[in-house]
Each structure stands twice: as C-alpha cells, then as structure tokens.
Amino acid sequence: MSDAKVTYKFGETTVEFGCRTYLMGILNVTPDSFSDGGAFFDQTDAILHAFQMVKDGADIIDVGGESTRPGAEHVTMEEETKRVVPVIQKLRQRTKIPISVDTYKAKAAAEALKAGANIVNDITGLHADPEIAEVIARAGASVVVMHMKGTPKDMQINPVYDDLVGEVYGYLAGAVEMARSKGINQIMVDPGIGFGKTADHNLELINRLSEFRKLGVPVLIGVSRKSFIGKILDTPVESRLEGTAAAVTASILRGADIVRVHDVREMRRVAMVADAIRRQKV
C-alpha cells in the first residue's frame, strides 16, 4: 500500500486514507493506565475529555476499560464492560465521530459495538479470544490488529527477537488473513510499540514502518508518551510532549496513516506539518 487513496466507512463517517494522517484520541476509562490513570475514570470526566479531543481535532476516539501498561493486571469482562459501555453510549448519542473500543474480549467487544462503537482495537491481533473476529464481522465493524509479544503482565521481561520486523510483519499478516477469512472488510495494522519490545526495538520499528504498508491496509501506530521516549530524554511520563511530537513526526514520514495520541491539539499541529512535508503540499 503506497499513499494511494483507500476509503473506509465508519458508521456515518467516511475516511479517505492517503490524503492525510488521522488522529485517534486516547480515552482511558481506567484507574491505572500508564499515562493518565484515574484522570478520566469518572464517566462524566471521560465524556467531557472525549468531546474536548473532538474539538481539538481527533478523528477517532479510542475507549479503553483495561490498562495494558507493562505489568498491568487482568480486568474481568464484566468490569471492563461496565466501564466502557455507558461512555460509548453517551458519546454515540451526541456525535457521529468513529468510536473504537480497545479490547481483546469477544463479549466486551459485542457490548461495545451494540452501544455504538465502530472499530475494535485488539492488542492481541485476534489471538486472545477465538470468537472476537466473528463478533466484529457480524456487526459489520472494523478492526485494528496489533502485535504483542507476551501479555501486558510479562511482555517487558526481556523480549527477544531473531528478526524483529520479519516476526512482527508475519504476525500481522496472519492477523489480516484471519480477519479477512472471517468476513471483516476494513482492517488496520499496528506494530505495537512498547508491547513486548525494548527501546531499541521500538526505534527500529518506527524507522522501518514503511515496510508494513506492504500488508495493503492502513497503518496505525501508538508512540504517545511511551517509555522509550522517557529513556531517551530521561523524563517522566508527564514531560514527554516534545519527544512524542518527534516520534509522531518520524512515524508519519515513514508511512503512518493513523497516530494514536493523548495530546490531540498539539499532535494535530504536528501532523499537519509532517503531512505537508510527506506529501509536499500545503
């Protein structure tokens, strides 16, 4: 996939990839996410933050009810659903913006799609729950398949690869094939920055991101505030804005179609300049 235009429809919203980079705003309805854990755990706060991100230029809102930070504990499907479904329902009542649910559980995905979500963002690339692909297909929804080595609880304990890009590419190619075989038509891939990768692994994946475009589907990447930025700058998570901007810029110049971010207003501006450089058009 080059920068040729590809059109996806999310509910009532049509998105044309290949024209510009799209922003997915992160909405963690959790008490323990790595960056903003607890800040939007209250549903009213979550909804207000979501609409602020829309105002700031988010193209998609990604709602998550289980932290997937390194070392995170498992959350039950019931608890996850209780967190995300009311937020998705209220957002859908008031906006047509595409809504993604960040889950790898089929039943949680089904409830979120019923509430109005359009996309399932599965960090396991459809591998954790064998029923999730069929749930997505039946709903006529879209999917993001991500690569993760291990689980959030153990993924950062000495991750080792013989061929980093080759292994991640093969995993995602298999996930795309699985999604298509189940009848999912709109698929996006994510190499999974920070999910079972060292800082050096993350840098290599960003540098070679364009190789994932050969999969023939839009490429999403999440670099926002991540630990490799903190390692480079020696800064805590709340002081990684400039580092995130640099990583987002590099990702866009190397072929990202969607960037998943916390700081929507700032990253919208970053993306506009990076897009102008990439496409040589103001």
# chains A, B, ... in the order shown; residues from 1 in each chain; ligands from 1

call {"tool": "residues_around", "arguments": {"residues": "Val63 in chain A", "least_positions_apart": "6", "cutoff": "9 Å", "atoms": "only C-alpha atoms", "output": "ChimeraX atom specification"}}
result
/A:25-29,84,87-88,99-103

call {"tool": "write_last_selection", "arguments": {"atoms": "C-alpha atoms", "output": "compact mmCIF listing (two decimals), in the first residue's frame"}}
result
# COMPACT_ATOMS: atom_id res chain seq x y z
CA GLY A 25 -7.57 10.20 20.64
CA ILE A 26 -6.94 8.00 23.68
CA LEU A 27 -9.70 7.79 26.30
CA ASN A 28 -8.66 5.58 29.20
CA VAL A 29 -11.66 4.85 31.44
CA VAL A 84 -16.74 1.48 28.63
CA VAL A 87 -19.32 6.13 27.88
CA ILE A 88 -19.68 4.81 24.33
CA ILE A 99 -15.52 5.25 18.12
CA SER A 100 -13.03 2.46 18.74
CA VAL A 101 -13.10 0.10 21.70
CA ASP A 102 -9.74 -1.09 22.97
CA THR A 103 -10.46 -4.70 23.94

call {"tool": "select_by_dssp", "arguments": {"residues": "range 11-130 of chain A", "states": "alpha helix (DSSP H)", "output": "MDAnalysis selection string"}}
result
chainID A and resid 43:56 77:94 106:115

call {"tool": "closest_atom_pairs", "arguments": {"of": "range 87-196 of chain A", "to": "range 243-257 of chain A", "cutoff": "12 Å", "atoms": "only C-alpha atoms", "output": "CSV"}}
result
residue,atom,partner,partner_atom,distance
A:Met188,CA,A:Asp257,CA,9.3
A:Val189,CA,A:Asp257,CA,10.0
A:Asp190,CA,A:Ala256,CA,9.5
A:Pro191,CA,A:Ala256,CA,10.7
A:Ile193,CA,A:Ala247,CA,11.0

call {"tool": "write_last_selection", "arguments": {"atoms": "N, CA and C atoms", "output": "PDB file, in the first residue's frame"}}
result
ATOM      1  N   MET A 188      -7.009  -2.529   9.917  1.00  0.00           N
ATOM      2  CA  MET A 188      -5.832  -1.694  10.112  1.00  0.00           C
ATOM      3  C   MET A 188      -4.819  -2.475  10.923  1.00  0.00           C
ATOM      4  N   VAL A 189      -3.529  -2.177  10.741  1.00  0.00           N
ATOM      5  CA  VAL A 189      -2.479  -2.887  11.478  1.00  0.00           C
ATOM      6  C   VAL A 189      -1.673  -1.917  12.335  1.00  0.00           C
ATOM      7  N   ASP A 190      -1.156  -2.459  13.452  1.00  0.00           N
ATOM      8  CA  ASP A 190      -0.378  -1.678  14.412  1.00  0.00           C
ATOM      9  C   ASP A 190       0.797  -2.538  14.871  1.00  0.00           C
ATOM     10  N   PRO A 191       2.041  -2.089  14.671  1.00  0.00           N
ATOM     11  CA  PRO A 191       3.194  -2.912  15.074  1.00  0.00           C
ATOM     12  C   PRO A 191       3.377  -3.055  16.576  1.00  0.00           C
ATOM     13  N   ILE A 193       4.134  -0.655  19.354  1.00  0.00           N
ATOM     14  CA  ILE A 193       5.260  -0.009  20.026  1.00  0.00           C
ATOM     15  C   ILE A 193       5.102  -0.175  21.545  1.00  0.00           C
TER      16      ILE A 193
END

call {"tool": "closest_atom_pairs", "arguments": {"of": "range 189-226 of chain A", "to": "range 137-144 of chain A", "cutoff": "12 Å", "atoms": "only C-alpha atoms", "output": "tab-separated table"}}
result
residue	atom	partner	partner_atom	distance
A:Val189	CA	A:Val144	CA	5.5
A:Asp190	CA	A:Val144	CA	6.9
A:Pro191	CA	A:Val144	CA	10.4
A:Gly192	CA	A:Val144	CA	10.8
A:Val217	CA	A:Val144	CA	10.1
A:Pro218	CA	A:Val144	CA	9.3
A:Val219	CA	A:Val144	CA	9.0
A:Leu220	CA	A:Val144	CA	7.9
A:Ile221	CA	A:Val144	CA	10.4
A:Gly222	CA	A:Val144	CA	11.9

call {"tool": "write_last_selection", "arguments": {"atoms": "C-alpha atoms", "output": "short mmCIF file (atom, residue, chain, number, x, y, z; two decimals), in the first residue's frame"}}
result
data_model
loop_
_atom_site.label_atom_id
_atom_site.label_comp_id
_atom_site.auth_asym_id
_atom_site.auth_seq_id
_atom_site.Cartn_x
_atom_site.Cartn_y
_atom_site.Cartn_z
CA VAL A 189 -2.48 -2.89 11.48
CA ASP A 190 -0.38 -1.68 14.41
CA PRO A 191 3.19 -2.91 15.07
CA GLY A 192 2.66 -2.49 18.81
CA VAL A 217 -4.10 -1.88 4.77
CA PRO A 218 -3.83 1.38 6.73
CA VAL A 219 -1.05 1.51 9.32
CA LEU A 220 -1.72 2.77 12.85
CA ILE A 221 0.98 3.48 15.41
CA GLY A 222 0.92 4.46 19.09
#

call {"tool": "atom_distance", "arguments": {"atom1": "CA of Glu78 in chain A", "atom2": "CA of Ala58 in chain A"}}
result
28.3 Å

call {"tool": "closest_residue", "arguments": {"among": "A:Thr21, A:Ser227, A:Asn121, A:Thr151", "to": "Ile258 in chain A", "atoms": "only C-alpha atoms"}}
result
A:Thr21

call {"tool": "closest_atom_pairs", "arguments": {"of": "range 119-155 of chain A", "to": "range 162-174 of chain A", "cutoff": "8 Å", "atoms": "only C-alpha atoms", "output": "JSON lines"}}
result
{"residue": "A:Gly125", "atom": "CA", "partner": "A:Leu172", "partner_atom": "CA", "distance": 7.1}
{"residue": "A:Val145", "atom": "CA", "partner": "A:Leu172", "partner_atom": "CA", "distance": 6.9}
{"residue": "A:Met146", "atom": "CA", "partner": "A:Leu172", "partner_atom": "CA", "distance": 7.0}
{"residue": "A:His147", "atom": "CA", "partner": "A:Val168", "partner_atom": "CA", "distance": 6.3}

call {"tool": "residues_around", "arguments": {"residues": "Ser239 in chain A", "least_positions_apart": "2", "cutoff": "12 Å", "atoms": "only C-alpha atoms", "output": "MDAnalysis selection string"}}
result
chainID A and resid 35 224:227 229:231 233:237 241:245 263

call {"tool": "write_last_selection", "arguments": {"atoms": "C-alpha atoms", "output": "mmCIF file, in the first residue's frame"}}
result
data_model
loop_
_atom_site.group_PDB
_atom_site.id
_atom_site.type_symbol
_atom_site.label_atom_id
_atom_site.label_comp_id
_atom_site.auth_asym_id
_atom_site.auth_seq_id
_atom_site.Cartn_x
_atom_site.Cartn_y
_atom_site.Cartn_z
ATOM 1 C CA SER A 35 -0.058 7.938 31.450
ATOM 2 C CA SER A 224 2.414 8.794 22.637
ATOM 3 C CA ARG A 225 4.303 9.358 25.924
ATOM 4 C CA LYS A 226 5.808 5.859 25.823
ATOM 5 C CA SER A 227 8.746 4.667 27.889
ATOM 6 C CA ILE A 229 10.775 8.451 24.860
ATOM 7 C CA GLY A 230 11.323 8.700 28.598
ATOM 8 C CA LYS A 231 14.514 6.667 28.266
ATOM 9 C CA LEU A 233 15.001 12.161 27.307
ATOM 10 C CA ASP A 234 15.283 10.910 30.897
ATOM 11 C CA THR A 235 11.866 12.378 31.664
ATOM 12 C CA PRO A 236 8.745 11.158 33.476
ATOM 13 C CA VAL A 237 5.565 10.379 31.556
ATOM 14 C CA LEU A 241 5.271 16.068 24.818
ATOM 15 C CA GLU A 242 8.227 17.145 22.670
ATOM 16 C CA GLY A 243 9.515 13.588 22.449
ATOM 17 C CA THR A 244 6.074 12.395 21.407
ATOM 18 C CA ALA A 245 5.961 15.112 18.739
ATOM 19 C CA ASP A 263 -2.321 15.266 23.318
#

call {"tool": "closest_residue", "arguments": {"among": "A:Lys281, A:Leu205, A:Gln186, A:Asp62", "to": "Val6 in chain A", "atoms": "only C-alpha atoms"}}
result
A:Gln186

call {"tool": "select_by_dssp", "arguments": {"residues": "range 35-226 of chain A", "states": "strand (DSSP E)", "output": "VMD selection string"}}
result
chain A and resid 60 to 64 99 to 102 119 to 122 142 to 146 187 to 190 220 to 221

call {"tool": "write_last_selection", "arguments": {"atoms": "C-alpha atoms", "output": "PDB file, in the first residue's frame"}}
result
ATOM      1  CA  ILE A  60     -11.438   8.720  16.150  1.00  0.00           C
ATOM      2  CA  ILE A  61     -11.955   8.226  19.890  1.00  0.00           C
ATOM      3  CA  ASP A  62     -10.437   5.026  21.298  1.00  0.00           C
ATOM      4  CA  VAL A  63     -12.166   3.990  24.528  1.00  0.00           C
ATOM      5  CA  GLY A  64     -10.363   1.530  26.798  1.00  0.00           C
ATOM      6  CA  ILE A  99     -15.518   5.251  18.121  1.00  0.00           C
ATOM      7  CA  SER A 100     -13.026   2.461  18.741  1.00  0.00           C
ATOM      8  CA  VAL A 101     -13.105   0.099  21.699  1.00  0.00           C
ATOM      9  CA  ASP A 102      -9.736  -1.089  22.970  1.00  0.00           C
ATOM     10  CA  ILE A 119     -13.959  -0.329  15.497  1.00  0.00           C
ATOM     11  CA  VAL A 120     -12.414  -2.980  17.749  1.00  0.00           C
ATOM     12  CA  ASN A 121      -8.777  -2.261  18.619  1.00  0.00           C
ATOM     13  CA  ASP A 122      -7.392  -5.677  19.610  1.00  0.00           C
ATOM     14  CA  SER A 142     -13.740  -2.660  11.560  1.00  0.00           C
ATOM     15  CA  VAL A 143     -10.653  -3.910  13.360  1.00  0.00           C
ATOM     16  CA  VAL A 144      -7.171  -2.807  14.347  1.00  0.00           C
ATOM     17  CA  VAL A 145      -4.890  -5.828  14.733  1.00  0.00           C
ATOM     18  CA  MET A 146      -1.802  -5.155  16.833  1.00  0.00           C
ATOM     19  CA  ILE A 187      -8.664  -3.806   8.686  1.00  0.00           C
ATOM     20  CA  MET A 188      -5.832  -1.694  10.112  1.00  0.00           C
ATOM     21  CA  VAL A 189      -2.479  -2.887  11.478  1.00  0.00           C
ATOM     22  CA  ASP A 190      -0.378  -1.678  14.412  1.00  0.00           C
ATOM     23  CA  LEU A 220      -1.716   2.774  12.851  1.00  0.00           C
ATOM     24  CA  ILE A 221       0.982   3.484  15.409  1.00  0.00           C
TER      25      ILE A 221
END
